[in-house]
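**Student:** Have a look at this one before I ask anything.
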Amino acid sequence: MTASDRTLPLQMLYHWAELRPDDIYLRQPREDHWHEHSWGSVLEMAARLVSGLRRLGLKPGDKIALLSKNCAEWFICDFALQMGGYISVPIYPTAGADTIRYVLEHSESRALFIGKLDDPGAQEPGIPEGLIRLGMPYDTPMETHHHWDSLLMHEPMDERPVPGPDELMTLVYTSGSTGQPKGVMITHGAYAAACRGILETTGLNSEDRAFSYLPLAHITERVYVLGASLYAGAQVGFAHSLVTFVDNVKVISPTVFISVPRLWTNFRSGILKKLPESRLALLLRIPLVSGLVKKKIQAGLGLDKARILGCGSAPIAPSLLRWYERLDMPITEAWGMTENLAYSTLNYPFRSDKVGTVGRAGAGVEIRISGEGEILCRCDGMMLGYYKNEEATEKTIREGWLHTGDQGRLDDEGYLTITGRLKDAFKTAKGKYVLPVPIESMLIENTLIEQACVVGSGQAQPMALVQLSEHAAGQSREQLENALSATMAQINHSLESHQRLGGILIIDEPWTVENNILTPTLKIKRHLLEQQYGDLDQRWPKGRGIVREQDLPE
C-alpha cells in the first residue's frame, strides 16, 4: 500500500503499524525526558482508547471534542475517534470560555479530551454541565472524570475498521475573525485527498521529520503535519513549552518546518540582536565565510536539516522572505482555508521570482478567478458544508466551486496573488472603495512594522494602525517617525488619491489572542479595530502624519 492509492487515513495507520511496528513515530517531551511512541504502540493505544470510550457508553456518530496544545496524545485521540466512528471536534487551546461553550454546545459534543493548557482555570467555565471529561496525561487543575491511564487499561479492540470516504470525520470550527465560528464538516475522503495532494506536490516521505506546534485545532496543522506524516510515514516531534521551544526543535532536527509570519519575524529579530544587519550583510559577501555563517544561523534555530520551510495563516512581507532566502532558507508560502482543508496553492518547489505570490495550485486543485475578481477553488479535498448552516453552505459552494471570499489574480504561469477579501473593502467619506490588504502588504515591507491594519470606513482618508517590531526598539522617536513618514510617502505615491493614507497610528497595546484582537491563527479581527478607531479622523492631531496612540486626544 502506498499513499498514491486512494487510501483513507486509518488504512495508512494500519499500514505503517504492520510494516514498521517498532519504528518511532511520535516524540513527546514530558517530565524532563522524551517519551517515544512507535507506530505499533500508537495503534495499540488508539485501540485501547476506543474500548474505553465504548465502555463509557459513547456510540459511533457521537461528537467528541479535544481541548489541548499539540502533543502525541492529540494524534492518538484523533486516530481513536476515527476507529470508533466518532466525530472529532477540535478546539483551540487558547480559546476563551465563551468560545469553548459555543463550540461544545453548537456541535452537541458528548465528551471532551482535556490536555496541555496554559490557562485552564479561565477556560473551565466554558465546559457545560453533564459533559464527560477525559484527561490526557498532563497536570491540570481542571476536573476530569476519567484519566488517560484508566482509559488505556481496557483491552484493545480487535477490529480494524475503515470508515467510508463520505462519512463525516471531523467538525473543524473556523477561527471566527468576523463573528461566531462556523463548523466546517470534513469527510474522511476529503481529508485523505488533501493529505495525498500534499505528498504528491512536496514529495514528503518516511525519511522526513516534522515538528508540530501550530494548533492542531487549525486545519493547516491537522493536514500538513498530522495528515501528511500519516501518509508519508514520517516522524513527528513536539514542543514541551515556549521556553524549551528552540531546544526541542534542535533535538527533532526537522526536515519539514511550517510556521506563521510572526515566528519568522521573531526568529529574525533574535538573529539580528546577536548579529546586526550591517555586519551580517558584510559576512554574507565574503565567499569563504558566507556558507559558515548561514549554517551557524540555521543550526542555531534547529533548522539546518530542513528541506521544506513553510509559511501561511497571514500575509508575510516579501522582504522577510528575501531576507531568509539570503540565508539559504527559502520559505514556501501557501494559501488555503478551512473550507478547502488549507490545501490550495503552494510556492513549491520554491521559485524566487514568484515571491509575493502564494504559489500555484497543488496536485488535484483547480483555481480560477470569477468576473468579480473572487478566487474560486475546486478539488476533492473540500468541505461537505457548514454544520447546521445550509444557507451559508449554499452561498459558499455553488456548482461545485468553493467561493473563497478572497480576491486575487493569476499570472500566465498560474501563480496566484492575493489582493484582499471581498468583505474587507470599505468606502471612505468620498464614496470610493479601498482595498486594505495591498496597502498593508506595502506597510509590513518596513522592518519596523510587525503588523498593520488599514481602517477608514466613512472617514476622509484611510488610516494605518501599526504594531512595531522588536527591531524598532533601538530607534529614537525622531528616527522612528522619520522612517515611518518616508514609508507612508512612498506608499501614497503609488496609490490613487482616495486610497492614500491620512496617517499612521502606532498602537500601544499589543494585538494578541488574549485581548481578542487576533484569532487563534493570528489573523487580525479587522471589524473590531474598525469599531474601535471609527472616529480616528476626528481625533487626529492637525498636521501630524505619525502619531502614537498615547498622544491621541480623548
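Just remember, in the C-alpha cells the first chain shown is A, the second B, etc., residues are 1-based per chain, and ligands are 1-based in the order shown.
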List every residue of region 45-195 of chain A that DSSP, applied to the backbone of this structure, places in alpha helix (DSSP H), and write the result as an MDAnalysis selection string.
**Tutor:** chainID A and resid 45:55 72:83 97:107 120:123 148:151 188:195
**Student:** What does the file look like for those residues with C-alpha atoms, as a short mmCIF file (atom, residue, chain, number, x, y, z; two decimals), in the first residue's frame?
**Tutor:**
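Generated file (result.cif):
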```
data_model
loop_
_atom_site.label_atom_id
_atom_site.label_comp_id
_atom_site.auth_asym_id
_atom_site.auth_seq_id
_atom_site.Cartn_x
_atom_site.Cartn_y
_atom_site.Cartn_z
CA MET A 45 -3.15 2.90 22.43
CA ALA A 46 -5.76 4.16 19.96
CA ALA A 47 -7.44 0.73 20.00
CA ARG A 48 -7.45 0.72 23.83
CA LEU A 49 -8.98 4.20 23.89
CA VAL A 50 -11.81 3.04 21.63
CA SER A 51 -12.61 0.23 24.08
CA GLY A 52 -12.57 2.72 26.95
CA LEU A 53 -14.87 5.14 25.13
CA ARG A 54 -17.31 2.35 24.31
CA ARG A 55 -17.40 1.30 27.96
CA ALA A 72 1.46 12.92 20.94
CA GLU A 73 -1.79 12.12 22.75
CA TRP A 74 -3.70 14.54 20.47
CA PHE A 75 -2.65 12.39 17.49
CA ILE A 76 -3.58 9.18 19.32
CA CYS A 77 -7.01 10.56 20.28
CA ASP A 78 -7.64 11.58 16.67
CA PHE A 79 -6.91 8.06 15.46
CA ALA A 80 -9.04 6.52 18.22
CA LEU A 81 -12.01 8.72 17.36
CA GLN A 82 -11.77 7.67 13.72
CA MET A 83 -11.52 3.99 14.69
CA ALA A 97 -14.63 30.20 27.89
CA ASP A 98 -17.36 31.73 25.68
CA THR A 99 -15.93 30.21 22.50
CA ILE A 100 -15.42 26.83 24.18
CA ARG A 101 -19.04 26.78 25.35
CA TYR A 102 -20.31 27.85 21.93
CA VAL A 103 -18.38 25.12 20.09
CA LEU A 104 -19.29 22.37 22.58
CA GLU A 105 -22.98 23.28 22.56
CA HIS A 106 -23.26 24.00 18.83
CA SER A 107 -21.54 20.73 17.93
CA PRO A 120 -7.27 26.05 32.22
CA GLY A 121 -8.80 27.98 35.12
CA ALA A 122 -10.12 30.67 32.78
CA GLN A 123 -11.39 28.09 30.30
CA TRP A 148 -5.68 8.62 30.40
CA ASP A 149 -4.19 5.65 32.25
CA SER A 150 -7.59 4.26 33.21
CA LEU A 151 -8.80 4.54 29.62
CA HIS A 188 -12.65 11.00 5.65
CA GLY A 189 -12.37 11.09 1.85
CA ALA A 190 -11.84 14.85 1.64
CA TYR A 191 -9.17 14.70 4.35
CA ALA A 192 -7.43 11.86 2.54
CA ALA A 193 -7.47 13.79 -0.76
CA ALA A 194 -5.80 16.84 0.82
CA CYS A 195 -3.12 14.74 2.52
#
```
**Student:** Within 10 Å of Asp508 (chain A), counting only C-alpha atoms, which residues qualify if same-chain residues fewer than 3 places away don't, as JSON, numbers by chain?
**Tutor:** {"A": [466, 467, 468, 505, 511, 548, 549, 550]}
**Student:** Hey, what's within 12 Å of Tyr415 (chain A) if we count only C-alpha atoms and toss same-chain stuff fewer than 2 positions away? As JSON, numbers by chain, please?
**Tutor:** {"A": [333, 334, 335, 344, 345, 346, 347, 348, 350, 351, 353, 354, 355, 356, 357, 358, 359, 360, 361, 362, 366, 367, 368, 369, 408, 409, 410, 411, 412, 413, 417, 418]}
**Student:** Those residues with C-alpha atoms, as a CSV table (one decimal), in the first residue's frame please?
**Tutor:**
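Written output follows (selection.csv):
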```csv
chain,number,residue,atom,x,y,z
A,333,GLU,CA,4.3,30.5,1.1
A,334,ALA,CA,1.0,28.7,0.8
A,335,TRP,CA,-2.7,29.6,0.8
A,344,SER,CA,-4.9,25.0,-2.5
A,345,THR,CA,-1.7,26.8,-3.7
A,346,LEU,CA,2.0,26.5,-2.7
A,347,ASN,CA,5.2,28.1,-4.0
A,348,TYR,CA,6.8,24.7,-4.0
A,350,PHE,CA,10.4,27.3,-4.3
A,351,ARG,CA,10.7,29.9,-7.0
A,353,ASP,CA,10.8,35.0,-9.0
A,354,LYS,CA,7.4,34.2,-7.6
A,355,VAL,CA,7.9,35.6,-4.1
A,356,GLY,CA,4.9,37.9,-3.4
A,357,THR,CA,2.5,35.2,-4.8
A,358,VAL,CA,1.1,32.3,-2.8
A,359,GLY,CA,2.2,29.8,-5.4
A,360,ARG,CA,0.2,27.8,-7.8
A,361,ALA,CA,-2.5,25.1,-7.5
A,362,GLY,CA,-1.3,21.9,-5.9
A,366,GLU,CA,-8.3,23.9,-9.8
A,367,ILE,CA,-8.1,27.6,-9.2
A,368,ARG,CA,-9.9,30.3,-11.3
A,369,ILE,CA,-10.9,33.9,-10.9
A,408,GLY,CA,-6.8,37.7,-6.4
A,409,ARG,CA,-5.2,37.4,-9.8
A,410,LEU,CA,-3.4,34.6,-11.7
A,411,ASP,CA,-0.3,35.2,-13.8
A,412,ASP,CA,0.3,33.4,-17.1
A,413,GLU,CA,2.0,30.5,-15.2
A,417,THR,CA,-1.5,36.8,-5.9
A,418,ILE,CA,-4.0,37.6,-3.1
```
**Student:** Suppose you want the space between CA of Ser441 (chain A) and CA of Ala317 (chain A); what is it in Å?
**Tutor:**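 Computing it gives 6.4 Å between the two atoms.
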**Student:** Write out as an mmCIF file with N, CA and C atoms, in the first residue's frame which residues come within 12 Å of Ala210 (chain A) when counting only C-alpha atoms, dropping same-chain ones fewer than 6 positions away.
**Tutor:**
```
data_model
loop_
_atom_site.group_PDB
_atom_site.id
_atom_site.type_symbol
_atom_site.label_atom_id
_atom_site.label_comp_id
_atom_site.auth_asym_id
_atom_site.auth_seq_id
_atom_site.Cartn_x
_atom_site.Cartn_y
_atom_site.Cartn_z
ATOM 1 N N TYR A 25 7.385 6.858 15.781
ATOM 2 C CA TYR A 25 6.510 7.766 15.043
ATOM 3 C C TYR A 25 6.407 9.120 15.762
ATOM 4 N N LEU A 26 6.104 9.116 17.066
ATOM 5 C CA LEU A 26 5.867 10.361 17.801
ATOM 6 C C LEU A 26 6.870 10.514 18.936
ATOM 7 N N ARG A 27 7.413 11.737 19.083
ATOM 8 C CA ARG A 27 8.372 12.029 20.159
ATOM 9 C C ARG A 27 7.852 13.204 20.984
ATOM 10 N N LEU A 204 7.014 14.486 0.260
ATOM 11 C CA LEU A 204 7.281 14.029 1.638
ATOM 12 C C LEU A 204 7.384 12.511 1.669
ATOM 13 N N GLU A 221 -2.334 22.579 10.374
ATOM 14 C CA GLU A 221 -1.501 21.625 11.107
ATOM 15 C C GLU A 221 -2.083 20.216 11.025
ATOM 16 N N TYR A 224 -1.236 19.313 7.090
ATOM 17 C CA TYR A 224 0.148 19.384 6.618
ATOM 18 C C TYR A 224 1.115 18.637 7.532
ATOM 19 N N VAL A 225 0.771 18.469 8.822
ATOM 20 C CA VAL A 225 1.677 17.762 9.724
ATOM 21 C C VAL A 225 1.087 16.414 10.133
ATOM 22 N N LEU A 226 -0.046 16.417 10.831
ATOM 23 C CA LEU A 226 -0.622 15.134 11.250
ATOM 24 C C LEU A 226 -0.953 14.267 10.036
ATOM 25 N N GLY A 227 -1.723 14.812 9.116
ATOM 26 C CA GLY A 227 -2.145 14.021 7.968
ATOM 27 C C GLY A 227 -1.001 13.626 7.051
ATOM 28 N N ALA A 228 -0.138 14.599 6.749
ATOM 29 C CA ALA A 228 0.976 14.295 5.847
ATOM 30 C C ALA A 228 1.930 13.279 6.462
ATOM 31 N N SER A 229 2.150 13.367 7.785
ATOM 32 C CA SER A 229 3.038 12.388 8.438
ATOM 33 C C SER A 229 2.453 10.986 8.342
ATOM 34 N N LEU A 230 1.144 10.903 8.439
ATOM 35 C CA LEU A 230 0.463 9.606 8.372
ATOM 36 C C LEU A 230 0.609 8.983 6.995
ATOM 37 N N ALA A 232 2.958 9.867 4.690
ATOM 38 C CA ALA A 232 4.369 9.727 4.316
ATOM 39 C C ALA A 232 5.094 8.708 5.184
ATOM 40 N N GLY A 233 4.529 8.385 6.364
ATOM 41 C CA GLY A 233 5.250 7.533 7.321
ATOM 42 C C GLY A 233 6.371 8.296 7.991
ATOM 43 N N ALA A 234 6.195 9.612 8.154
ATOM 44 C CA ALA A 234 7.246 10.477 8.698
ATOM 45 C C ALA A 234 7.121 10.615 10.210
ATOM 46 N N GLN A 235 8.255 10.861 10.868
ATOM 47 C CA GLN A 235 8.285 11.048 12.318
ATOM 48 C C GLN A 235 7.848 12.471 12.678
ATOM 49 N N VAL A 236 7.225 12.617 13.857
ATOM 50 C CA VAL A 236 6.769 13.927 14.328
ATOM 51 C C VAL A 236 7.225 14.149 15.761
ATOM 52 N N GLY A 237 7.763 15.353 16.032
ATOM 53 C CA GLY A 237 8.144 15.734 17.388
ATOM 54 C C GLY A 237 7.345 16.939 17.850
ATOM 55 N N PHE A 238 7.333 17.148 19.165
ATOM 56 C CA PHE A 238 6.525 18.212 19.762
ATOM 57 C C PHE A 238 7.374 19.076 20.680
ATOM 58 N N ALA A 239 6.815 20.227 21.063
ATOM 59 C CA ALA A 239 7.495 21.129 21.993
ATOM 60 C C ALA A 239 6.980 20.890 23.406
ATOM 61 N N ASN A 248 13.894 22.060 21.775
ATOM 62 C CA ASN A 248 13.118 20.908 21.300
ATOM 63 C C ASN A 248 13.223 20.757 19.792
ATOM 64 N N VAL A 249 13.205 21.888 19.077
ATOM 65 C CA VAL A 249 13.370 21.839 17.619
ATOM 66 C C VAL A 249 14.737 21.233 17.269
ATOM 67 N N LYS A 250 15.765 21.638 18.012
ATOM 68 C CA LYS A 250 17.118 21.115 17.744
ATOM 69 C C LYS A 250 17.191 19.610 17.939
ATOM 70 N N VAL A 251 16.501 19.099 18.953
ATOM 71 C CA VAL A 251 16.507 17.643 19.201
ATOM 72 C C VAL A 251 15.841 16.910 18.040
ATOM 73 N N ILE A 252 14.706 17.419 17.588
ATOM 74 C CA ILE A 252 13.982 16.768 16.484
ATOM 75 C C ILE A 252 14.699 16.965 15.156
ATOM 76 N N SER A 253 15.356 18.135 14.979
ATOM 77 C CA SER A 253 16.040 18.473 13.727
ATOM 78 C C SER A 253 15.138 18.201 12.524
ATOM 79 N N PRO A 254 14.014 18.927 12.445
ATOM 80 C CA PRO A 254 13.025 18.613 11.411
ATOM 81 C C PRO A 254 13.523 18.873 9.996
ATOM 82 N N THR A 255 13.018 18.075 9.079
ATOM 83 C CA THR A 255 13.253 18.326 7.659
ATOM 84 C C THR A 255 12.103 19.148 7.083
ATOM 85 N N VAL A 256 11.003 19.219 7.845
ATOM 86 C CA VAL A 256 9.826 19.999 7.456
ATOM 87 C C VAL A 256 9.448 20.882 8.635
ATOM 88 N N PHE A 257 9.342 22.186 8.407
ATOM 89 C CA PHE A 257 9.002 23.108 9.491
ATOM 90 C C PHE A 257 8.061 24.167 8.943
ATOM 91 N N ILE A 258 6.829 24.166 9.439
ATOM 92 C CA ILE A 258 5.807 25.104 8.971
ATOM 93 C C ILE A 258 5.523 26.105 10.073
ATOM 94 N N SER A 259 5.467 27.382 9.713
ATOM 95 C CA SER A 259 5.297 28.406 10.732
ATOM 96 C C SER A 259 4.372 29.510 10.240
ATOM 97 N N GLY A 302 17.829 25.243 14.858
ATOM 98 C CA GLY A 302 17.473 23.822 14.774
ATOM 99 C C GLY A 302 16.961 23.427 13.408
ATOM 100 N N LEU A 303 17.219 24.268 12.394
ATOM 101 C CA LEU A 303 16.639 24.049 11.067
ATOM 102 C C LEU A 303 17.692 23.766 9.997
ATOM 103 N N LYS A 305 18.738 20.992 8.955
ATOM 104 C CA LYS A 305 18.405 19.824 8.123
ATOM 105 C C LYS A 305 17.092 20.020 7.365
ATOM 106 N N ALA A 306 16.460 21.177 7.550
ATOM 107 C CA ALA A 306 15.138 21.396 6.955
ATOM 108 C C ALA A 306 15.232 21.560 5.443
ATOM 109 N N ARG A 307 14.445 20.792 4.722
ATOM 110 C CA ARG A 307 14.390 20.924 3.260
ATOM 111 C C ARG A 307 13.116 21.633 2.811
ATOM 112 N N ILE A 308 12.100 21.653 3.694
ATOM 113 C CA ILE A 308 10.879 22.402 3.397
ATOM 114 C C ILE A 308 10.590 23.325 4.570
ATOM 115 N N LEU A 309 10.603 24.622 4.309
ATOM 116 C CA LEU A 309 10.198 25.627 5.289
ATOM 117 C C LEU A 309 8.929 26.266 4.756
ATOM 118 N N GLY A 310 7.911 26.339 5.597
ATOM 119 C CA GLY A 310 6.633 26.832 5.115
ATOM 120 C C GLY A 310 6.115 28.007 5.909
#
```
**Student:** List the spatial neighbours of Lys423 (chain A) as a list in words - criterion: any atom at most 10 Å away, only C-alpha atoms, same-chain residues fewer than 5 positions off excluded.
**Tutor:**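 Everything that qualifies: Thr178, Gly405, Asp406, Gln407 and Leu435 of chain A.
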**Student:** Deliver the residues from the most recent selection as a file, using N, CA and C atoms, as an mmCIF file, in the first residue's frame.
**Tutor:**
```cif
data_model
loop_
_atom_site.group_PDB
_atom_site.id
_atom_site.type_symbol
_atom_site.label_atom_id
_atom_site.label_comp_id
_atom_site.auth_asym_id
_atom_site.auth_seq_id
_atom_site.Cartn_x
_atom_site.Cartn_y
_atom_site.Cartn_z
ATOM 1 N N THR A 178 -14.737 37.153 12.004
ATOM 2 C CA THR A 178 -15.811 38.130 11.775
ATOM 3 C C THR A 178 -17.073 37.815 12.581
ATOM 4 N N GLY A 405 -14.209 34.011 -1.084
ATOM 5 C CA GLY A 405 -14.317 35.340 -0.477
ATOM 6 C C GLY A 405 -13.032 36.145 -0.595
ATOM 7 N N ASP A 406 -11.957 35.504 -1.061
ATOM 8 C CA ASP A 406 -10.696 36.213 -1.296
ATOM 9 C C ASP A 406 -10.665 36.738 -2.725
ATOM 10 N N GLN A 407 -9.994 37.852 -2.905
ATOM 11 C CA GLN A 407 -9.783 38.385 -4.243
ATOM 12 C C GLN A 407 -8.339 38.140 -4.661
ATOM 13 N N LEU A 435 -9.293 48.867 -0.943
ATOM 14 C CA LEU A 435 -8.900 47.505 -0.567
ATOM 15 C C LEU A 435 -7.713 47.613 0.385
#
```
**Student:** Compare A:Leu168, A:Leu112, A:Arg222, A:Tyr343 by their minimum atom-to-atom distance to Ile198 (chain A), counting only C-alpha atoms, and give me the closest one.
**Tutor:**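 Counting only C-alpha atoms, the residue closest to Ile198 (chain A) is A:Tyr343.
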**Student:** Run DSSP on the backbone and grab whatever in region 326-443 of chain A lands in strand (DSSP E); send it over as a VMD selection string.
**Tutor:** chain A and resid 331 to 335 345 to 346 360 to 361 366 to 369 374 to 378 385 to 386 397 to 398 401 to 410 416 to 421 426 to 427 433 to 434
